[in-house]
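Q: My structure file work.txt, compact mmCIF, C-alpha atoms and all ligand atoms, is below:
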# COMPACT_ATOMS: atom_id res chain seq x y z
CA MET D 157 -0.20 8.61 8.72
CA THR D 158 -0.22 5.81 11.30
CA LYS D 159 -1.72 2.54 10.17
CA THR D 160 -4.57 1.15 12.24
CA HIS D 161 -4.93 -2.28 10.62
CA SER D 162 -2.05 -4.37 9.49
CA LEU D 163 -3.80 -7.44 8.04
CA LEU D 164 -4.36 -7.06 4.32
CA ARG D 165 -3.92 -10.67 3.18
CA SER D 166 -7.23 -10.86 1.31
CA ILE D 167 -9.32 -7.88 0.23
CA LEU D 168 -12.59 -8.94 -1.41
CA TYR D 169 -14.43 -6.96 -4.08
CA VAL D 170 -18.19 -7.04 -3.53
CA PRO D 171 -20.38 -5.40 -6.21
CA GLY D 172 -22.55 -2.72 -4.61
CA ALA D 173 -25.43 -3.82 -6.87
CA ASN D 174 -25.48 -7.43 -5.64
CA ALA D 175 -27.71 -7.73 -2.54
CA ARG D 176 -26.94 -11.42 -2.01
CA ALA D 177 -23.17 -10.86 -2.19
CA LEU D 178 -23.43 -7.92 0.21
CA GLU D 179 -25.37 -10.01 2.70
CA LYS D 180 -22.95 -12.91 2.42
CA SER D 181 -19.85 -10.72 2.69
CA ASP D 182 -20.50 -9.88 6.35
CA GLY D 183 -19.64 -13.42 7.45
CA LEU D 184 -16.56 -13.96 5.28
CA ARG D 185 -13.01 -14.20 6.58
CA ALA D 186 -11.48 -11.62 4.27
CA ASP D 187 -9.24 -9.07 5.97
CA GLY D 188 -11.10 -6.36 4.14
CA ILE D 189 -13.92 -5.68 1.71
CA ILE D 190 -13.97 -3.27 -1.20
CA TYR D 191 -17.62 -2.40 -1.81
CA ASP D 192 -17.59 -1.54 -5.50
CA LEU D 193 -19.69 1.25 -6.95
CA GLU D 194 -17.46 1.64 -10.03
CA ASP D 195 -16.81 -1.05 -12.66
CA ALA D 196 -18.96 -3.81 -11.15
CA VAL D 197 -22.08 -1.62 -11.28
CA ALA D 198 -23.92 -0.85 -14.54
CA PRO D 199 -24.48 2.89 -15.25
CA GLU D 200 -28.25 2.63 -14.76
CA ALA D 201 -27.81 0.94 -11.36
CA LYS D 202 -25.38 3.48 -9.83
CA GLY D 203 -27.91 5.38 -7.71
CA SER D 204 -29.81 2.35 -6.43
CA SER D 205 -26.55 0.54 -5.61
CA ARG D 206 -25.31 3.49 -3.60
CA GLU D 207 -28.53 3.47 -1.55
CA LYS D 208 -28.35 -0.31 -1.10
CA LEU D 209 -24.77 0.02 0.08
CA ARG D 210 -25.61 2.85 2.47
CA GLU D 211 -28.22 0.62 4.13
CA HIS D 212 -25.91 -2.35 4.20
CA LEU D 213 -23.04 -0.42 5.81
CA ALA D 214 -25.33 1.04 8.45
CA ALA D 215 -26.14 -2.50 9.65
CA SER D 216 -22.90 -4.32 8.78
CA GLN D 217 -21.06 -6.28 11.47
CA PHE D 218 -18.06 -7.06 9.26
CA PRO D 219 -15.02 -6.86 11.55
CA GLY D 220 -12.30 -6.19 8.96
CA LEU D 221 -11.43 -3.16 6.86
CA LYS D 222 -14.26 -1.57 4.93
CA ILE D 223 -13.43 0.31 1.75
CA VAL D 224 -15.78 1.86 -0.80
CA ARG D 225 -14.61 2.09 -4.41
CA VAL D 226 -16.22 5.24 -5.75
CA ASN D 227 -16.78 6.44 -9.30
CA PRO D 228 -14.35 9.06 -10.64
CA ILE D 229 -14.77 12.02 -8.32
CA GLU D 230 -15.05 14.55 -11.14
CA THR D 231 -18.39 12.91 -12.06
CA ARG D 232 -21.73 13.46 -10.35
CA GLU D 233 -21.86 9.78 -9.37
CA GLY D 234 -18.40 10.04 -7.81
CA THR D 235 -19.35 13.07 -5.71
CA GLU D 236 -22.52 11.32 -4.50
CA ASP D 237 -20.49 8.19 -3.70
CA ILE D 238 -18.00 10.16 -1.61
CA LEU D 239 -20.79 11.91 0.27
CA MET D 240 -22.34 8.54 1.11
CA ALA D 241 -18.97 6.98 2.04
CA ARG D 242 -18.03 9.90 4.30
CA GLY D 243 -20.85 9.11 6.73
CA ALA D 244 -20.76 5.32 6.46
CA GLY D 245 -18.17 4.48 9.12
CA ILE D 246 -15.74 3.00 6.63
CA ASP D 247 -11.93 2.93 6.72
CA ALA D 248 -11.05 4.13 3.24
CA VAL D 249 -12.34 5.45 -0.04
CA LEU D 250 -10.77 3.75 -3.07
CA LEU D 251 -10.26 6.05 -6.05
CA PRO D 252 -10.18 4.39 -9.48
CA LYS D 253 -7.63 5.13 -12.22
CA VAL D 254 -5.46 7.55 -10.27
CA GLU D 255 -3.06 9.19 -12.72
CA ASP D 256 -1.58 12.09 -10.82
CA ALA D 257 -1.28 13.55 -7.34
CA ASP D 258 -3.83 16.28 -8.12
CA MET D 259 -6.58 13.65 -8.19
CA LEU D 260 -5.70 12.71 -4.62
CA GLU D 261 -5.57 16.34 -3.55
CA ASP D 262 -9.04 16.92 -5.03
CA ALA D 263 -10.43 13.91 -3.18
CA ALA D 264 -8.74 14.90 0.10
CA ARG D 265 -10.12 18.43 -0.26
CA ALA D 266 -13.61 17.07 -0.87
CA LEU D 267 -13.34 14.87 2.24
CA ASN D 268 -12.00 17.77 4.34
CA GLU D 269 -14.83 20.02 3.20
CA MET D 270 -17.28 17.31 4.25
CA ASP D 271 -15.57 17.16 7.68
CA ALA D 272 -14.61 13.54 7.16
CA PRO D 273 -12.66 12.20 10.14
CA PRO D 274 -8.85 12.10 9.68
CA SER D 275 -9.03 8.31 10.14
CA LEU D 276 -10.82 8.02 6.79
CA ARG D 277 -8.00 7.14 4.37
CA ILE D 278 -7.70 7.29 0.63
CA TRP D 279 -6.59 4.22 -1.32
CA ALA D 280 -5.56 4.69 -4.94
CA MET D 281 -5.97 2.30 -7.85
CA ILE D 282 -2.91 2.25 -10.06
CA GLU D 283 -4.23 0.78 -13.29
CA THR D 284 -3.36 3.05 -16.20
CA PRO D 285 -0.10 3.67 -18.06
CA ARG D 286 0.13 7.21 -16.63
CA GLY D 287 -0.61 5.97 -13.12
CA ILE D 288 2.20 3.43 -13.34
CA ALA D 289 4.63 5.91 -14.87
CA ARG D 290 3.92 8.44 -12.09
CA ALA D 291 3.46 6.01 -9.20
CA GLU D 292 6.35 7.35 -7.11
CA LYS D 293 5.23 10.98 -7.41
CA ILE D 294 1.65 10.03 -6.62
CA ALA D 295 2.78 8.11 -3.53
CA ARG D 296 5.19 10.83 -2.34
CA LYS D 297 2.65 13.61 -2.59
CA GLY D 298 -0.32 11.48 -1.55
CA VAL D 299 1.13 10.44 1.83
CA ARG D 300 1.16 14.08 2.87
CA GLY D 301 -2.61 13.82 2.80
CA ARG D 302 -4.85 10.80 3.39
CA LEU D 303 -3.28 8.25 1.03
CA SER D 304 -2.39 4.96 2.73
CA ALA D 305 -2.45 2.25 0.04
CA PHE D 306 -2.05 1.44 -3.63
CA VAL D 307 -4.24 -1.22 -5.26
CA VAL D 308 -3.12 -2.63 -8.60
CA GLY D 309 -5.75 -2.99 -11.33
CA THR D 310 -4.37 -5.55 -13.72
CA ASN D 311 -7.57 -5.77 -15.81
CA ASP D 312 -7.46 -2.09 -16.66
CA ILE D 313 -3.71 -2.23 -17.25
CA ARG D 314 -4.33 -4.99 -19.80
CA LEU D 315 -7.15 -3.02 -21.40
CA ALA D 316 -5.16 0.19 -21.67
CA THR D 317 -1.91 -1.28 -22.94
CA ASN D 318 -2.82 -4.45 -24.85
CA ILE D 319 -0.18 -6.26 -22.85
CA GLN D 320 -0.70 -10.03 -23.00
CA PRO D 321 1.27 -11.46 -20.11
CA ASP D 322 1.95 -15.18 -19.74
CA ALA D 323 0.64 -17.23 -16.81
CA ASN D 324 3.53 -16.04 -14.63
CA ARG D 325 2.79 -12.40 -15.55
CA THR D 326 6.36 -12.16 -16.85
CA GLU D 327 5.72 -9.15 -19.07
CA LEU D 328 3.87 -7.30 -16.27
CA LEU D 329 6.56 -7.76 -13.65
CA PRO D 330 8.52 -4.54 -14.30
CA TRP D 331 5.36 -2.45 -13.93
CA LEU D 332 4.18 -4.34 -10.85
CA MET D 333 7.59 -3.93 -9.21
CA GLN D 334 7.59 -0.22 -10.04
CA ILE D 335 4.28 0.14 -8.18
CA VAL D 336 5.51 -1.92 -5.22
CA LEU D 337 8.71 0.13 -4.99
CA ALA D 338 6.84 3.46 -5.16
CA ALA D 339 4.55 2.29 -2.35
CA LYS D 340 7.33 0.96 -0.12
CA ALA D 341 9.50 4.05 -0.62
CA ASN D 342 6.68 6.11 0.85
CA GLY D 343 5.35 3.84 3.58
CA LEU D 344 2.19 2.81 1.72
CA ASP D 345 0.53 -0.59 1.75
CA VAL D 346 0.25 -2.22 -1.66
CA LEU D 347 -2.22 -4.84 -2.88
CA ASP D 348 -1.86 -7.11 -5.88
CA GLY D 349 -4.49 -7.27 -8.64
CA VAL D 350 -7.24 -9.87 -9.05
CA PHE D 351 -6.99 -13.39 -10.47
CA GLY D 352 -9.97 -13.85 -12.76
CA ASP D 353 -10.20 -17.61 -13.40
CA LEU D 354 -12.41 -18.94 -10.60
CA ARG D 355 -11.82 -22.57 -11.67
CA ASP D 356 -8.03 -22.41 -11.50
CA ALA D 357 -7.25 -22.88 -7.80
CA GLU D 358 -3.62 -23.79 -8.49
CA GLY D 359 -3.13 -20.71 -10.66
CA LEU D 360 -4.51 -18.51 -7.89
CA ARG D 361 -2.12 -20.01 -5.32
CA ARG D 362 0.81 -19.57 -7.71
CA GLU D 363 -0.07 -15.93 -8.33
CA CYS D 364 -0.56 -15.21 -4.59
CA ALA D 365 2.84 -16.77 -3.84
CA ALA D 366 4.50 -14.71 -6.58
CA GLY D 367 2.79 -11.56 -5.28
CA ARG D 368 4.06 -12.21 -1.80
CA ARG D 369 7.62 -12.77 -3.05
CA MET D 370 7.37 -9.43 -4.89
CA GLY D 371 6.53 -7.57 -1.68
CA PHE D 372 2.79 -7.12 -1.99
CA ASP D 373 0.98 -6.97 1.36
CA GLY D 374 -1.99 -8.95 0.10
CA LYS D 375 -4.20 -9.89 -2.83
CA THR D 376 -7.43 -8.37 -4.04
CA VAL D 377 -9.90 -11.21 -4.67
CA ILE D 378 -13.28 -11.47 -6.38
CA HIS D 379 -14.92 -14.58 -4.96
CA PRO D 380 -15.33 -16.11 -1.46
CA SER D 381 -13.41 -19.23 -2.57
CA GLN D 382 -10.29 -17.09 -3.12
CA ILE D 383 -10.13 -15.79 0.46
CA ASP D 384 -8.59 -18.77 2.26
CA PRO D 385 -5.78 -19.29 -0.29
CA ALA D 386 -4.84 -15.60 -0.09
CA ASN D 387 -5.00 -15.62 3.72
CA SER D 388 -2.84 -18.69 3.93
CA ILE D 389 -0.18 -17.55 1.45
CA PHE D 390 0.09 -13.96 2.71
CA GLY D 391 0.12 -15.03 6.35
CA PRO D 392 3.31 -16.34 7.98
CA SER D 393 3.86 -20.08 7.40
CA GLU D 394 4.49 -22.58 10.22
CA ALA D 395 8.16 -22.64 9.17
CA GLU D 396 8.43 -18.83 9.36
CA ILE D 397 6.77 -18.83 12.78
CA GLY D 398 9.13 -21.55 14.04
CA GLU D 399 12.15 -19.64 12.76
CA ALA D 400 10.91 -16.40 14.32
CA GLU D 401 10.38 -18.10 17.69
CA ALA D 402 13.91 -19.55 17.55
CA ILE D 403 15.40 -16.11 16.81
CA VAL D 404 13.48 -14.40 19.64
CA ALA D 405 14.45 -17.19 22.05
CA ALA D 406 18.11 -17.06 21.01
CA PHE D 407 18.41 -13.30 21.52
CA GLY D 408 16.65 -13.71 24.87
CA ARG D 409 19.36 -16.05 26.25
CA PRO D 410 21.63 -14.36 28.86
CA ASP D 411 24.81 -15.36 26.97
CA ASN D 412 23.58 -13.44 23.92
CA ALA D 413 22.64 -10.28 25.84
CA GLY D 414 24.26 -7.24 24.25
CA ARG D 415 25.39 -9.14 21.16
CA GLY D 416 24.57 -7.66 17.77
CA VAL D 417 25.05 -10.82 15.77
CA ILE D 418 24.64 -14.48 16.70
CA GLN D 419 24.32 -17.87 15.07
CA VAL D 420 20.95 -19.66 15.02
CA ASP D 421 20.67 -23.09 13.36
CA GLY D 422 23.80 -22.46 11.31
CA ARG D 423 22.76 -19.00 10.07
CA MET D 424 24.04 -15.55 10.87
CA ILE D 425 21.32 -13.61 12.65
CA GLU D 426 21.48 -9.86 13.33
CA ARG D 427 19.22 -7.60 15.35
CA LEU D 428 17.35 -6.61 12.18
CA HIS D 429 16.30 -10.27 11.97
CA LEU D 430 15.03 -9.97 15.55
CA THR D 431 12.86 -7.03 14.48
CA GLN D 432 11.61 -9.08 11.54
CA ALA D 433 10.94 -12.09 13.80
CA ARG D 434 8.93 -10.00 16.24
CA ARG D 435 6.89 -8.70 13.32
CA VAL D 436 6.11 -12.27 12.21
CA LEU D 437 4.97 -13.23 15.72
CA SER D 438 2.86 -10.15 16.06
CA ARG D 439 1.17 -10.97 12.71
CA ARG D 440 0.59 -14.52 13.96
CA ASP D 441 -1.14 -13.13 17.06
CA GLU D 442 -3.18 -10.67 15.02
CA ILE D 443 -4.33 -13.45 12.70
CA ALA D 444 -5.33 -15.61 15.68
CA ALA D 445 -7.32 -12.73 17.16
CA ARG D 446 -8.97 -12.08 13.77
CA SER D 447 -9.91 -15.77 13.35
CA ALA D 448 -11.51 -15.81 16.78
CA GLU D 449 -13.52 -12.73 15.80
CA THR D 450 -14.91 -14.08 12.53
CA SER D 451 -17.33 -16.92 12.15
CA SER D 452 -16.65 -19.46 9.43
CA LYS D 453 -19.22 -18.93 6.69
CA ASP D 454 -17.08 -18.94 3.54
CA ALA D 455 -18.37 -20.65 0.42
C1 LIG X 1 -17.60 -13.41 -10.59
C2 LIG X 1 -18.94 -13.41 -9.93
C3 LIG X 1 -19.96 -12.66 -10.79
C4 LIG X 1 -19.42 -14.85 -9.74
O1 LIG X 1 -20.64 -14.82 -9.01
P1 LIG X 1 -21.60 -16.09 -8.92
O2 LIG X 1 -21.92 -16.55 -10.30
O3 LIG X 1 -22.75 -15.72 -8.03
O4 LIG X 1 -20.63 -17.15 -8.23
P2 LIG X 1 -20.99 -18.42 -7.35
O5 LIG X 1 -22.30 -18.97 -7.74
O6 LIG X 1 -19.81 -19.30 -7.40
O7 LIG X 1 -21.09 -17.79 -5.89
C5 LIG X 1 -21.18 -18.63 -4.74
C6 LIG X 1 -21.72 -17.83 -3.61
O8 LIG X 1 -20.81 -16.78 -3.29
C7 LIG X 1 -21.45 -15.53 -3.41
N1 LIG X 1 -20.46 -14.58 -3.99
C8 LIG X 1 -19.89 -14.64 -5.18
N2 LIG X 1 -19.02 -13.64 -5.34
C9 LIG X 1 -19.08 -12.93 -4.21
C10 LIG X 1 -18.41 -11.77 -3.78
N3 LIG X 1 -17.53 -11.11 -4.56
N4 LIG X 1 -18.66 -11.33 -2.54
C11 LIG X 1 -19.56 -11.94 -1.74
N5 LIG X 1 -20.23 -13.05 -2.09
C12 LIG X 1 -19.99 -13.53 -3.33
C13 LIG X 1 -22.64 -15.75 -4.32
O9 LIG X 1 -23.63 -14.77 -4.06
C14 LIG X 1 -23.04 -17.14 -3.90
O10 LIG X 1 -23.72 -17.05 -2.66
P3 LIG X 1 -24.88 -18.11 -2.28
O11 LIG X 1 -26.09 -17.56 -2.92
O12 LIG X 1 -24.95 -18.10 -0.81
O13 LIG X 1 -24.47 -19.45 -2.83
C15 LIG X 1 -18.86 -12.78 -8.51
O14 LIG X 1 -17.95 -13.54 -7.78
C16 LIG X 1 -18.50 -11.32 -8.47
O15 LIG X 1 -19.32 -10.48 -8.80
N6 LIG X 1 -17.28 -10.99 -8.02
C17 LIG X 1 -16.81 -9.63 -7.85
C18 LIG X 1 -16.65 -8.94 -9.18
C19 LIG X 1 -16.19 -7.51 -9.02
O16 LIG X 1 -16.44 -6.86 -8.04
N7 LIG X 1 -15.47 -7.00 -10.02
C20 LIG X 1 -14.94 -5.65 -10.03
C21 LIG X 1 -13.61 -5.58 -9.38
S1 LIG X 1 -12.32 -6.47 -10.17
C22 LIG X 1 -11.40 -5.26 -10.98
O17 LIG X 1 -11.83 -4.87 -12.00
C23 LIG X 1 -10.15 -4.74 -10.32
C24 LIG X 1 -9.47 -3.60 -11.06
O18 LIG X 1 -10.26 -2.47 -11.16
C25 LIG X 1 -8.86 -3.99 -12.39
O19 LIG X 1 -8.94 -3.17 -13.33
O20 LIG X 1 -8.24 -5.04 -12.47
MG MG X 2 -10.08 -1.32 -12.87
What do you get writing this file as structure tokens?

A:
Amino acid sequence: MTKTHSLLRSILYVPGANARALEKSDGLRADGIIYDLEDAVAPEAKGSSREKLREHLAASQFPGLKIVRVNPIETREGTEDILMARGAGIDAVLLPKVEDADMLEDAARALNEMDAPPSLRIWAMIETPRGIARAEKIARKGVRGRLSAFVVGTNDIRLATNIQPDANRTELLPWLMQIVLAAKANGLDVLDGVFGDLRDAEGLRRECAAGRRMGFDGKTVIHPSQIDPANSIFGPSEAEIGEAEAIVAAFGRPDNAGRGVIQVDGRMIERLHLTQARRVLSRRDEIAARSAETSSKDA
């Protein structure tokens, strides 16, 4: 499926039960919002949260991606969530704890039966041992339908496995890389898990930087204060933009016309680097357009 949005630097979870957070989220500079009807909502508040969210989405002016995390679709709450999401003008439905491709097929079938527009994607949370073990198969089969992104759930991974990773997530890295590889092999976007310590700004930056080096497209965040760090680390740096401009300019010179490989600032540069450089500049332009669109109301 063709992607319609490419900015995924920061994707903010907003609990569907929290009216104040919903109201505030409209003015935040996140690239996307996951409106959560699953883990952040207590069982007795599921129905009222869904109704609150329906009203909020009908009036929302948020300019980025809108995603609704639904309850497991085999439950009554999940079916009601999907029905609400289908008519809410959102970009994607996020399915929790996806463990096999059948779960995606069931969700896609439900959306098709509800005549959901083809532009409504499915995102899948990979957050259980089975989900990680089968990530490639889930991605390969899922892209034939509506699947367009994986979202890592590190809290549930910890819960299900008892893994106790260090501050650099050393012990988690093989599983995270397995999810990233499965996504990239199948053209999916992939988002890193949340960083839970709201007081540790340095730790958040370190984890965002590590996630970017690993190939994640962005970070899921839980608080407005985490948006700017994620945006800045997952966006191209000034140095990357400068390098990209130099590469585009060098290939544009008449003496380099038709050459496959050239030297720029002492480095070998091939046409694949030109493709990469154009991508960086297009992201820069998209970020500038996005900033112009969004007012600055972050906490
Ligand atoms: C963690 C929080 C409960 C903290 O909330 P609070 O105590 O209200 O924080 P502050 O007082 O610092 O908030 C300052 C203002 O910002 C607003 N706010 C806070 N969080 C959000 C938010 N997520 N979106 C929008 N606005 C937010 C407050 O309302 C304050 O506003 P104001 O009144 O104007 O001052 C809270 O941050 C929170 O609930 N975060 C999201 C939690 C969540 O959704 N969790 C579930 C997903 S995480 C997960 O489990 C991923 C995966 O499944 C896994 O397994 O890993
Ligand atoms: Mg989870």

Q: Go through D:Arg415, D:Lys375, D:Arg423, D:Arg369 one by one, measure the shortest atom-to-atom distance of each to ligand LIG 1 (chain X) using only C-alpha atoms and all ligand atoms, and give the residue with the smallest value.

A: D:Lys375

Q: Counting all atoms listed in the file, what are the residues, protein, DNA or RNA alike, that approach ligand LIG 1 (chain X) to within 7 Å? I want them as number ranges by chain.

A: D: 168-171, 176-178, 180-181, 192, 195-196, 283, 308-313, 349-350, 378-380, 455

Q: Step by step: start from the point (-20.2, -8.6, 8.7) in the file's coordinates, keep every protein, DNA or RNA residue that has an atom no farther than 9 Å from it, count all atoms listed in the file, and write the set as a list in words.

A: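 Collected hits near the coordinates: Glu179, Lys180, Ser181, Asp182, Gly183, Leu184, Ala215, Ser216, Gln217, Phe218, Pro219, Gly220 and Thr450 of chain D.
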
Q: What's the separation between CA of Arg296 (chain D) and CA of Ala248 (chain D), in Å to one decimal place?

A: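 Computing the Euclidean distance for CA of Arg296 (chain D) and CA of Ala248 (chain D) yields 18.4 Å.
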
Q: Please identify all polymer residues within 9 Å of Leu267 (chain D), counting only C-alpha atoms, omitting same-chain residues fewer than 3 positions from it, and present them as a PDB file with C-alpha atoms, in the frame of the given file.

A:
ATOM      1  CA  ILE D 238     -18.000  10.160  -1.610  1.00  0.00           C
ATOM      2  CA  LEU D 239     -20.790  11.910   0.270  1.00  0.00           C
ATOM      3  CA  ARG D 242     -18.030   9.900   4.300  1.00  0.00           C
ATOM      4  CA  ASP D 262      -9.040  16.920  -5.030  1.00  0.00           C
ATOM      5  CA  ALA D 263     -10.430  13.910  -3.180  1.00  0.00           C
ATOM      6  CA  ALA D 264      -8.740  14.900   0.100  1.00  0.00           C
ATOM      7  CA  MET D 270     -17.280  17.310   4.250  1.00  0.00           C
ATOM      8  CA  ASP D 271     -15.570  17.160   7.680  1.00  0.00           C
ATOM      9  CA  ALA D 272     -14.610  13.540   7.160  1.00  0.00           C
ATOM     10  CA  PRO D 273     -12.660  12.200  10.140  1.00  0.00           C
ATOM     11  CA  LEU D 276     -10.820   8.020   6.790  1.00  0.00           C
TER      12      LEU D 276
END

Q: Would you mind telling me which residue in D:Gly371, D:Gly301, D:Pro285, D:Pro199 lies nearest to Asn268 (chain D) when using only C-alpha atoms?

A: D:Gly301

Q: Please identify all polymer residues within 10 Å of Thr376 (chain D), counting all atoms listed in the file, omitting same-chain residues fewer than 4 positions from it, and present them as a list in words.

A: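 The filter keeps Leu164, Arg165, Ser166, Ile167, Leu168, Tyr169, Ala186, Gly188, Ile189, Ile190, Val307, Val308, Gly309, Leu347, Asp348, Gly349, Val350, Phe351, Cys364, Gln382, Ile383 and Ala386 of chain D.
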
Q: Find the residue from D:Ala266, D:Ile246, D:Ala198, D:Ile389 that sits nearest to Arg362 (chain D); use all atoms listed in the file when measuring.

A: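 Smallest separation from Arg362 (chain D) among the options: D:Ile389.
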